[in-house]
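With TSV, C-alpha atoms inside, this is model24.tsv:
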chain	number	residue	atom	x	y	z
L	200	MET	CA	2.58	-43.61	-143.65
L	201	LYS	CA	1.43	-43.13	-140.12
L	202	ILE	CA	3.48	-43.92	-137.01
L	203	HIS	CA	1.52	-45.84	-134.38
L	204	HIS	CA	4.21	-46.08	-131.69
L	205	LEU	CA	7.91	-46.16	-130.91
L	206	GLY	CA	9.17	-49.10	-128.89
L	207	ILE	CA	11.82	-48.25	-126.29
L	208	ALA	CA	13.71	-50.95	-124.37
L	209	VAL	CA	14.51	-49.93	-120.78
L	210	ASN	CA	15.90	-51.57	-117.68
L	211	SER	CA	13.30	-49.95	-115.44
L	212	ILE	CA	9.98	-48.49	-116.49
L	213	GLU	CA	9.71	-46.70	-113.14
L	214	LYS	CA	13.08	-45.00	-113.54
L	215	THR	CA	12.28	-44.06	-117.13
L	216	LEU	CA	8.93	-42.57	-116.13
L	217	THR	CA	10.67	-40.53	-113.44
L	218	VAL	CA	13.01	-39.06	-116.07
L	219	TYR	CA	10.24	-38.44	-118.60
L	220	ARG	CA	8.00	-36.82	-115.98
L	221	GLN	CA	10.81	-34.38	-115.20
L	222	LEU	CA	11.22	-33.51	-118.87
L	223	PHE	CA	7.48	-33.55	-119.67
L	224	PRO	CA	5.40	-32.65	-116.61
L	225	ASP	CA	2.15	-33.29	-118.53
L	226	LEU	CA	3.09	-36.92	-119.19
L	227	LYS	CA	0.24	-39.41	-119.58
L	228	ALA	CA	1.24	-43.04	-119.09
L	229	GLU	CA	-0.82	-46.21	-118.94
L	230	ARG	CA	0.34	-49.69	-117.95
L	231	GLU	CA	-0.54	-52.55	-120.30
L	232	PRO	CA	-2.10	-55.58	-118.60
L	233	LEU	CA	0.55	-58.26	-118.12
L	234	ARG	CA	-0.17	-61.24	-120.34
L	235	GLU	CA	0.45	-64.86	-119.39
L	236	GLY	CA	3.91	-65.96	-120.43
L	237	ALA	CA	4.96	-62.39	-121.26
L	238	SER	CA	8.69	-61.68	-121.31
L	239	MET	CA	8.26	-57.96	-120.69
L	240	GLU	CA	6.22	-55.33	-118.90
L	241	MET	CA	4.89	-52.45	-120.97
L	242	VAL	CA	3.74	-48.90	-120.35
L	243	MET	CA	2.29	-46.69	-123.09
L	244	ILE	CA	2.99	-42.94	-123.01
L	245	LYS	CA	0.69	-40.69	-125.02
L	246	THR	CA	2.09	-37.84	-127.08
L	247	GLU	CA	0.27	-34.89	-128.65
L	248	SER	CA	1.49	-35.78	-132.09
L	249	GLY	CA	-0.23	-39.13	-132.05
L	250	PRO	CA	2.44	-41.83	-131.80
L	251	LEU	CA	2.69	-43.61	-128.48
L	252	LEU	CA	5.95	-44.34	-126.71
L	253	GLU	CA	5.94	-48.02	-125.74
L	254	LEU	CA	8.30	-48.56	-122.80
L	255	MET	CA	9.34	-52.21	-122.54
L	256	GLN	CA	11.07	-53.63	-119.48
L	257	PRO	CA	12.28	-57.24	-119.59
L	258	LEU	CA	10.84	-59.63	-117.02
L	259	HIS	CA	13.73	-62.01	-117.60
L	260	PRO	CA	17.02	-61.75	-119.51
L	261	ASP	CA	16.22	-64.40	-122.14
L	262	GLY	CA	13.27	-62.65	-123.79
L	263	ASP	CA	13.58	-60.41	-126.86
L	264	ILE	CA	13.95	-57.21	-124.86
L	265	GLY	CA	16.29	-58.71	-122.28
L	266	ARG	CA	18.58	-59.89	-125.06
L	267	PHE	CA	18.32	-56.57	-126.91
L	268	ILE	CA	19.43	-54.66	-123.81
L	269	ALA	CA	22.21	-57.16	-123.07
L	270	LYS	CA	23.56	-56.67	-126.59
L	271	ARG	CA	22.95	-52.97	-127.29
L	272	GLY	CA	21.96	-51.34	-124.02
L	273	GLU	CA	18.76	-49.46	-123.35
L	274	GLY	CA	17.34	-47.45	-126.24
L	275	ILE	CA	14.92	-47.18	-129.12
L	276	HIS	CA	13.93	-50.66	-130.26
L	277	HIS	CA	11.48	-50.29	-133.15
L	278	ILE	CA	9.09	-48.06	-135.10
L	279	ALA	CA	5.53	-49.28	-135.59
L	280	TYR	CA	3.34	-48.04	-138.46
L	281	GLU	CA	-0.43	-48.18	-138.56
L	282	THR	CA	-2.16	-49.95	-141.41
L	283	ALA	CA	-5.81	-50.65	-142.18
L	284	ASP	CA	-5.29	-54.10	-143.70
L	285	ILE	CA	-2.44	-55.87	-141.99
L	286	TYR	CA	-2.94	-59.14	-143.88
L	287	ALA	CA	-2.58	-57.39	-147.25
L	288	VAL	CA	0.50	-55.47	-146.10
L	289	CYS	CA	2.10	-58.61	-144.68
L	290	ALA	CA	1.46	-60.57	-147.87
L	291	GLN	CA	2.89	-57.74	-149.96
L	292	CYS	CA	6.00	-57.51	-147.78
L	293	ARG	CA	6.59	-61.24	-148.24
L	294	GLU	CA	6.09	-60.94	-152.01
L	295	GLN	CA	8.59	-58.09	-152.15
L	296	GLY	CA	11.14	-60.26	-150.35
L	297	TYR	CA	11.07	-58.67	-146.90
L	298	ARG	CA	11.71	-61.15	-144.10
L	299	VAL	CA	8.62	-61.18	-141.88
L	300	LEU	CA	9.55	-62.27	-138.35
L	301	GLY	CA	7.11	-65.00	-137.37
L	302	GLU	CA	3.43	-64.47	-138.12
L	303	ILE	CA	0.78	-61.82	-137.48
L	304	THR	CA	0.03	-61.88	-133.74
L	305	ARG	CA	-2.22	-60.04	-131.31
L	306	GLY	CA	0.03	-57.43	-129.67
L	307	ALA	CA	-0.23	-54.66	-127.06
L	308	GLY	CA	-3.57	-52.89	-126.87
L	309	GLY	CA	-5.31	-55.71	-128.74
L	310	CYS	CA	-3.77	-54.71	-132.08
L	311	ASP	CA	-2.69	-57.22	-134.74
L	312	THR	CA	0.97	-56.86	-135.52
L	313	PHE	CA	3.98	-58.20	-137.41
L	314	PHE	CA	7.64	-57.25	-137.69
L	315	ILE	CA	10.09	-56.99	-140.58
L	316	HIS	CA	13.73	-57.94	-140.02
L	317	PRO	CA	15.80	-54.77	-139.41
L	318	LYS	CA	18.42	-55.89	-141.95
L	319	ASP	CA	15.76	-55.51	-144.66
L	320	THR	CA	14.81	-51.98	-143.56
L	321	CYS	CA	18.20	-50.27	-143.22
L	322	GLY	CA	18.73	-51.12	-139.55
L	323	VAL	CA	15.30	-50.18	-138.21
L	324	LEU	CA	13.17	-52.97	-136.75
L	325	THR	CA	9.85	-52.14	-138.40
L	326	GLU	CA	6.45	-53.19	-137.10
L	327	PHE	CA	3.04	-52.88	-138.73
L	328	VAL	CA	-0.06	-52.73	-136.52
L	329	SER	CA	-3.76	-52.77	-137.21
L	330	CYS	CA	-6.13	-51.83	-134.41
L	331	ALA	CA	-9.51	-52.32	-136.12
L	332	GLY	CA	-11.37	-49.15	-135.26
L	333	GLU	CA	-10.56	-48.99	-131.57
L	334	ALA	CA	-8.56	-46.39	-129.65
L	335	GLN	CA	-5.24	-46.00	-131.39
L	336	GLY	CA	-3.44	-43.82	-128.93
L	337	LYS	CA	-4.89	-40.55	-130.08
E	142	MET	CA	4.94	-33.91	-125.09
E	143	LYS	CA	4.98	-33.71	-128.86
E	144	ILE	CA	7.37	-35.59	-131.11
E	145	HIS	CA	8.88	-33.39	-133.83
E	146	HIS	CA	10.97	-36.01	-135.63
E	147	LEU	CA	12.85	-39.28	-135.38
E	148	GLY	CA	16.47	-39.26	-136.48
E	149	ILE	CA	17.57	-42.37	-138.38
E	150	ALA	CA	21.23	-43.00	-139.28
E	151	VAL	CA	21.65	-44.75	-142.64
E	152	ASN	CA	24.50	-45.65	-144.97
E	153	SER	CA	22.59	-44.56	-148.04
E	154	ILE	CA	19.59	-42.23	-148.16
E	155	GLU	CA	18.83	-43.42	-151.71
E	156	LYS	CA	18.74	-47.07	-150.71
E	157	THR	CA	16.62	-46.26	-147.65
E	158	LEU	CA	14.15	-44.25	-149.74
E	159	THR	CA	13.86	-47.18	-152.16
E	160	VAL	CA	12.92	-49.47	-149.26
E	161	TYR	CA	10.51	-46.99	-147.70
E	162	ARG	CA	8.83	-46.28	-151.04
E	163	GLN	CA	8.17	-50.01	-151.43
E	164	LEU	CA	6.63	-50.20	-147.96
E	165	PHE	CA	4.82	-46.83	-148.19
E	166	PRO	CA	3.93	-45.96	-151.79
E	167	ASP	CA	2.58	-42.54	-150.73
E	168	LEU	CA	5.94	-41.50	-149.28
E	169	LYS	CA	6.73	-37.77	-149.27
E	170	ALA	CA	10.41	-36.94	-148.89
E	171	GLU	CA	12.29	-33.66	-149.07
E	172	ARG	CA	16.04	-33.13	-149.15
E	173	GLU	CA	17.48	-30.62	-146.68
E	174	PRO	CA	19.86	-28.07	-148.23
E	175	LEU	CA	23.44	-29.11	-147.55
E	176	ARG	CA	25.09	-26.70	-145.14
E	177	GLU	CA	28.73	-25.63	-145.30
E	178	GLY	CA	30.89	-27.91	-143.22
E	179	ALA	CA	28.09	-30.42	-142.72
E	180	SER	CA	29.09	-33.95	-141.82
E	181	MET	CA	25.87	-35.49	-143.12
E	182	GLU	CA	23.19	-35.29	-145.78
E	183	MET	CA	19.59	-35.22	-144.62
E	184	VAL	CA	16.20	-36.05	-146.08
E	185	MET	CA	12.94	-35.44	-144.23
E	186	ILE	CA	10.05	-37.87	-144.71
E	187	LYS	CA	6.58	-36.65	-143.77
E	188	THR	CA	4.19	-38.92	-141.89
E	189	GLU	CA	0.45	-38.54	-141.37
E	190	SER	CA	0.83	-38.60	-137.63
E	191	GLY	CA	2.96	-35.48	-137.60
E	192	PRO	CA	6.50	-36.53	-136.69
E	193	LEU	CA	9.03	-36.41	-139.48
E	194	LEU	CA	11.55	-39.14	-140.18
E	195	GLU	CA	14.96	-37.51	-140.52
E	196	LEU	CA	17.24	-39.75	-142.60
E	197	MET	CA	20.90	-38.91	-141.99
E	198	GLN	CA	23.69	-40.20	-144.22
E	199	PRO	CA	27.28	-39.48	-143.19
E	200	LEU	CA	29.41	-37.48	-145.63
E	201	HIS	CA	32.56	-38.74	-143.92
E	202	PRO	CA	33.25	-41.38	-141.27
E	203	ASP	CA	34.48	-38.97	-138.57
E	204	GLY	CA	31.23	-37.03	-138.08
E	205	ASP	CA	28.62	-37.89	-135.45
E	206	ILE	CA	26.56	-40.09	-137.76
E	207	GLY	CA	29.57	-41.79	-139.33
E	208	ARG	CA	30.85	-42.73	-135.89
E	209	PHE	CA	27.39	-43.83	-134.73
E	210	ILE	CA	27.06	-46.22	-137.70
E	211	ALA	CA	30.61	-47.51	-137.27
E	212	LYS	CA	29.85	-48.34	-133.63
E	213	ARG	CA	26.22	-49.49	-133.71
E	214	GLY	CA	25.26	-49.95	-137.36
E	215	GLU	CA	22.42	-48.22	-139.14
E	216	GLY	CA	19.31	-47.51	-137.09
E	217	ILE	CA	17.26	-45.11	-135.05
E	218	HIS	CA	19.51	-42.39	-133.66
E	219	HIS	CA	17.36	-39.99	-131.63
E	220	ILE	CA	13.88	-38.72	-130.76
E	221	ALA	CA	13.25	-34.97	-131.06
E	222	TYR	CA	10.48	-33.22	-129.11
E	223	GLU	CA	8.93	-29.90	-130.01
E	224	THR	CA	8.95	-27.10	-127.48
E	225	ALA	CA	7.74	-23.51	-127.61
E	226	ASP	CA	10.54	-22.04	-125.47
E	227	ILE	CA	13.75	-23.91	-126.06
E	228	TYR	CA	15.83	-21.59	-123.87
E	229	ALA	CA	13.59	-22.21	-120.85
E	230	VAL	CA	13.58	-25.98	-121.43
E	231	CYS	CA	17.35	-26.05	-121.86
E	232	ALA	CA	17.91	-24.05	-118.67
E	233	GLN	CA	15.54	-26.31	-116.76
E	234	CYS	CA	17.29	-29.44	-118.03
E	235	ARG	CA	20.62	-28.08	-116.85
E	236	GLU	CA	19.14	-27.18	-113.45
E	237	GLN	CA	17.76	-30.70	-113.12
E	238	GLY	CA	21.22	-32.11	-113.77
E	239	TYR	CA	20.73	-33.38	-117.33
E	240	ARG	CA	23.88	-33.17	-119.42
E	241	VAL	CA	23.17	-30.86	-122.36
E	242	LEU	CA	25.45	-31.71	-125.30
E	243	GLY	CA	26.99	-28.43	-126.42
E	244	GLU	CA	24.72	-25.43	-126.80
E	245	ILE	CA	21.48	-24.52	-128.52
E	246	THR	CA	22.18	-24.44	-132.25
E	247	ARG	CA	20.27	-23.79	-135.47
E	248	GLY	CA	19.46	-27.24	-136.87
E	249	ALA	CA	17.65	-28.75	-139.85
E	250	GLY	CA	14.72	-26.75	-141.21
E	251	GLY	CA	15.90	-23.60	-139.42
E	252	CYS	CA	14.83	-24.89	-136.00
E	253	ASP	CA	16.73	-24.19	-132.80
E	254	THR	CA	17.82	-27.39	-131.13
E	255	PHE	CA	19.76	-29.02	-128.32
E	256	PHE	CA	20.48	-32.60	-127.24
E	257	ILE	CA	20.54	-34.37	-123.87
E	258	HIS	CA	23.08	-37.13	-123.28
E	259	PRO	CA	21.43	-40.54	-123.81
E	260	LYS	CA	22.86	-41.84	-120.53
E	261	ASP	CA	20.65	-39.31	-118.72
E	262	THR	CA	17.51	-40.39	-120.59
E	263	CYS	CA	17.60	-44.19	-120.29
E	264	GLY	CA	19.53	-44.81	-123.48
E	265	VAL	CA	17.57	-42.53	-125.82
E	266	LEU	CA	19.44	-39.58	-127.33
E	267	THR	CA	16.85	-36.85	-126.78
E	268	GLU	CA	16.62	-33.63	-128.76
E	269	PHE	CA	14.43	-30.60	-128.18
E	270	VAL	CA	13.55	-28.35	-131.11
E	271	SER	CA	11.79	-25.03	-131.44
E	272	CYS	CA	10.71	-23.87	-134.87
E	273	ALA	CA	9.21	-20.45	-134.04
E	274	GLY	CA	5.93	-20.46	-135.85
E	275	GLU	CA	7.09	-21.83	-139.16
E	276	ALA	CA	6.24	-25.14	-140.87
E	277	GLN	CA	6.90	-27.88	-138.37
E	278	GLY	CA	6.48	-30.88	-140.59
E	279	LYS	CA	2.72	-30.98	-140.49
What does this structure look like when you write it as structure tokens?
Amino acid sequence: MKIHHLGIAVNSIEKTLTVYRQLFPDLKAEREPLREGASMEMVMIKTESGPLLELMQPLHPDGDIGRFIAKRGEGIHHIAYETADIYAVCAQCREQGYRVLGEITRGAGGCDTFFIHPKDTCGVLTEFVSCAGEAQGK
Amino acid sequence: MKIHHLGIAVNSIEKTLTVYRQLFPDLKAEREPLREGASMEMVMIKTESGPLLELMQPLHPDGDIGRFIAKRGEGIHHIAYETADIYAVCAQCREQGYRVLGEITRGAGGCDTFFIHPKDTCGVLTEFVSCAGEAQGK
């Protein structure tokens, strides 16, 4: 198992970056291009150990992240794991009875991605991503 | 910045390991020795990308993890970052006005550790650990 990124829901990416830059002066952050119809802004922070931190700020309160923050407050939202063959993993998860949320979609950084319902993974919203040979946040 | 581990609060380590072994057949997990007076059991899962997953199961409902689950349900509890000089980092955090929870203590795996209040870090309970040259989950 290999962690690709950790998703963190925040009210303000700018405020969060200010805090993280105080704690980690060598911070490297990169803004994701805003996609049409997006419900959130995203910034990726690189870490030495490989996994990215994906900061997500809602653009409006009715999107997934807006509703998450309204219900639970800011905080860690999901763990994403890297996989080479996302279609095989997704099919296997369905066969094993895990509830896949929606379908495989093209996510941040051009990676294919799907989520498993957190109730099926002991409270942790779990994402699988496949980035097909391109930069994977290393 | 380098992630050392992710803390995950669960009702049952055994049930969680069953789920994770289905999703990740190559899973490598190691139980932490139970310490006297501990309020939780812990199992460390190794990942390829370096960070460990620290599964924490409450031994009684009044400990930190028992209360966390009672309030928020199972889920991701904290992010821990590795640092070479934990005393310097802790002093700097205090100087910068971050609320350090308690003092530096000897945590899982014999690492020194302290936590910052999640309200000071945009909702994420943040831990720093220093493992002084020994195995750091790689």
Next item on the list: Might you pull out every residue within 12 Å of Ala269 (chain L), with all atoms listed in the file counted and same-chain residues fewer than 4 positions away left off, and present them as a PyMOL selection string?
Entry: chain L and resi 208-210+257+259-265+273-274
Next item on the list: Tell me the residues of chain E close to chain L, meaning within 10 Å using all atoms listed in the file, as JSON, numbers by chain.
Entry: {"E": [142, 143, 144, 145, 147, 149, 150, 151, 152, 153, 154, 156, 157, 158, 159, 160, 161, 163, 164, 165, 166, 167, 168, 169, 186, 187, 188, 189, 190, 191, 192, 193, 194, 210, 213, 214, 215, 216, 217, 218, 219, 220, 222, 223, 230, 233, 234, 237, 239, 259, 260, 261, 262, 263, 264, 265, 266, 279]}
Just fit chain L onto chain E on all the Cα atoms, in order, by least squares, and give it as a compact mmCIF listing (two decimals) with C-alpha atoms, in the frame of the given file.
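File result.txt, as written:
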# COMPACT_ATOMS: atom_id res chain seq x y z
CA MET L 200 4.95 -33.89 -125.09
CA LYS L 201 4.97 -33.70 -128.83
CA ILE L 202 7.37 -35.57 -131.11
CA HIS L 203 8.87 -33.38 -133.83
CA HIS L 204 10.96 -36.01 -135.63
CA LEU L 205 12.85 -39.27 -135.37
CA GLY L 206 16.46 -39.26 -136.49
CA ILE L 207 17.58 -42.36 -138.39
CA ALA L 208 21.23 -42.99 -139.28
CA VAL L 209 21.66 -44.74 -142.64
CA ASN L 210 24.50 -45.64 -144.96
CA SER L 211 22.57 -44.54 -148.04
CA ILE L 212 19.60 -42.23 -148.16
CA GLU L 213 18.83 -43.40 -151.70
CA LYS L 214 18.73 -47.05 -150.69
CA THR L 215 16.61 -46.25 -147.65
CA LEU L 216 14.14 -44.25 -149.73
CA THR L 217 13.86 -47.16 -152.15
CA VAL L 218 12.91 -49.47 -149.26
CA TYR L 219 10.50 -46.98 -147.69
CA ARG L 220 8.83 -46.25 -151.03
CA GLN L 221 8.16 -49.98 -151.42
CA LEU L 222 6.61 -50.17 -147.96
CA PHE L 223 4.81 -46.80 -148.19
CA PRO L 224 3.95 -45.94 -151.79
CA ASP L 225 2.57 -42.52 -150.73
CA LEU L 226 5.93 -41.47 -149.27
CA LYS L 227 6.73 -37.75 -149.26
CA ALA L 228 10.41 -36.93 -148.88
CA GLU L 229 12.29 -33.65 -149.07
CA ARG L 230 16.05 -33.12 -149.14
CA GLU L 231 17.50 -30.60 -146.69
CA PRO L 232 19.88 -28.07 -148.23
CA LEU L 233 23.47 -29.12 -147.56
CA ARG L 234 25.13 -26.71 -145.16
CA GLU L 235 28.76 -25.64 -145.32
CA GLY L 236 30.94 -27.92 -143.24
CA ALA L 237 28.10 -30.42 -142.74
CA SER L 238 29.10 -33.96 -141.81
CA MET L 239 25.88 -35.49 -143.11
CA GLU L 240 23.20 -35.30 -145.77
CA MET L 241 19.60 -35.22 -144.62
CA VAL L 242 16.21 -36.04 -146.08
CA MET L 243 12.95 -35.43 -144.22
CA ILE L 244 10.05 -37.86 -144.71
CA LYS L 245 6.57 -36.65 -143.77
CA THR L 246 4.18 -38.91 -141.89
CA GLU L 247 0.44 -38.52 -141.36
CA SER L 248 0.82 -38.59 -137.62
CA GLY L 249 2.96 -35.49 -137.58
CA PRO L 250 6.51 -36.52 -136.68
CA LEU L 251 9.03 -36.41 -139.48
CA LEU L 252 11.55 -39.14 -140.18
CA GLU L 253 14.97 -37.50 -140.52
CA LEU L 254 17.24 -39.74 -142.60
CA MET L 255 20.91 -38.91 -141.98
CA GLN L 256 23.69 -40.20 -144.20
CA PRO L 257 27.30 -39.48 -143.20
CA LEU L 258 29.41 -37.49 -145.64
CA HIS L 259 32.56 -38.73 -143.94
CA PRO L 260 33.26 -41.38 -141.29
CA ASP L 261 34.49 -38.99 -138.58
CA GLY L 262 31.26 -37.04 -138.08
CA ASP L 263 28.65 -37.90 -135.44
CA ILE L 264 26.59 -40.09 -137.75
CA GLY L 265 29.59 -41.79 -139.34
CA ARG L 266 30.86 -42.74 -135.90
CA PHE L 267 27.40 -43.83 -134.74
CA ILE L 268 27.06 -46.20 -137.70
CA ALA L 269 30.62 -47.50 -137.26
CA LYS L 270 29.85 -48.34 -133.63
CA ARG L 271 26.21 -49.49 -133.72
CA GLY L 272 25.25 -49.95 -137.36
CA GLU L 273 22.42 -48.22 -139.14
CA GLY L 274 19.30 -47.51 -137.10
CA ILE L 275 17.25 -45.10 -135.05
CA HIS L 276 19.51 -42.38 -133.67
CA HIS L 277 17.36 -39.99 -131.63
CA ILE L 278 13.88 -38.70 -130.77
CA ALA L 279 13.25 -34.97 -131.06
CA TYR L 280 10.47 -33.23 -129.11
CA GLU L 281 8.92 -29.90 -130.00
CA THR L 282 8.94 -27.10 -127.47
CA ALA L 283 7.75 -23.50 -127.59
CA ASP L 284 10.54 -22.03 -125.46
CA ILE L 285 13.75 -23.90 -126.04
CA TYR L 286 15.85 -21.59 -123.86
CA ALA L 287 13.60 -22.21 -120.84
CA VAL L 288 13.59 -25.97 -121.42
CA CYS L 289 17.37 -26.05 -121.84
CA ALA L 290 17.93 -24.04 -118.67
CA GLN L 291 15.56 -26.31 -116.75
CA CYS L 292 17.29 -29.45 -118.03
CA ARG L 293 20.63 -28.07 -116.84
CA GLU L 294 19.15 -27.19 -113.44
CA GLN L 295 17.75 -30.70 -113.10
CA GLY L 296 21.21 -32.13 -113.78
CA TYR L 297 20.73 -33.39 -117.33
CA ARG L 298 23.88 -33.18 -119.43
CA VAL L 299 23.16 -30.86 -122.36
CA LEU L 300 25.44 -31.70 -125.29
CA GLY L 301 26.99 -28.44 -126.43
CA GLU L 302 24.73 -25.41 -126.79
CA ILE L 303 21.47 -24.51 -128.52
CA THR L 304 22.19 -24.43 -132.27
CA ARG L 305 20.28 -23.78 -135.47
CA GLY L 306 19.45 -27.24 -136.85
CA ALA L 307 17.65 -28.77 -139.84
CA GLY L 308 14.73 -26.78 -141.19
CA GLY L 309 15.90 -23.62 -139.43
CA CYS L 310 14.82 -24.90 -136.00
CA ASP L 311 16.74 -24.19 -132.79
CA THR L 312 17.81 -27.39 -131.13
CA PHE L 313 19.77 -29.03 -128.32
CA PHE L 314 20.47 -32.59 -127.23
CA ILE L 315 20.54 -34.37 -123.87
CA HIS L 316 23.09 -37.13 -123.28
CA PRO L 317 21.42 -40.54 -123.82
CA LYS L 318 22.85 -41.85 -120.53
CA ASP L 319 20.64 -39.31 -118.72
CA THR L 320 17.49 -40.38 -120.58
CA CYS L 321 17.58 -44.17 -120.28
CA GLY L 322 19.52 -44.80 -123.49
CA VAL L 323 17.58 -42.52 -125.82
CA LEU L 324 19.44 -39.57 -127.33
CA THR L 325 16.84 -36.85 -126.78
CA GLU L 326 16.61 -33.63 -128.75
CA PHE L 327 14.43 -30.58 -128.16
CA VAL L 328 13.54 -28.34 -131.11
CA SER L 329 11.79 -25.03 -131.43
CA CYS L 330 10.69 -23.89 -134.88
CA ALA L 331 9.19 -20.47 -134.07
CA GLY L 332 5.88 -20.55 -135.89
CA GLU L 333 7.08 -21.91 -139.21
CA ALA L 334 6.22 -25.19 -140.92
CA GLN L 335 6.87 -27.96 -138.44
CA GLY L 336 6.43 -30.96 -140.65
CA LYS L 337 2.68 -31.11 -140.47
Next item on the list: Can you pull out every residue within 10 Å of Ala331 (chain L), counting all atoms listed in the file, but drop anything in the same chain fewer than 6 positions away, and send it as a PyMOL selection string?
Entry: chain L and resi 282-285+309-311
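Here CA of Gly296 (chain L) and CA of His316 (chain L) stand 10.9 Å from one another.
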Using 5 Å of padding on each side, determine the axis-aligned box around all atoms of region 188-200 of chain E present in the file and give its centre and edge lengths in Å to one decimal, as JSON.
{"center_x": 14.9, "center_y": -37.8, "center_z": -141.2, "size_x": 39.0, "size_y": 14.7, "size_z": 18.9}
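CA of Met239 (chain L) sits 4.8 Å away from CA of Leu258 (chain L).
Excluding Arg172 (chain E) itself and any same-chain residue fewer than 3 positions from it, the protein and nucleic acid residues within 8 Å of it, counting all atoms listed in the file, are Met183, Val184 and Met185 of chain E.
Put simply, CA of Ala279 (chain L) is 9.9 Å away from CA of Glu253 (chain L).
The residue that comes closest to Phe267 (chain L), out of L:Arg305, L:Glu213, L:Gly206, L:Tyr286 and on the basis of all atoms listed in the file, is L:Gly206.
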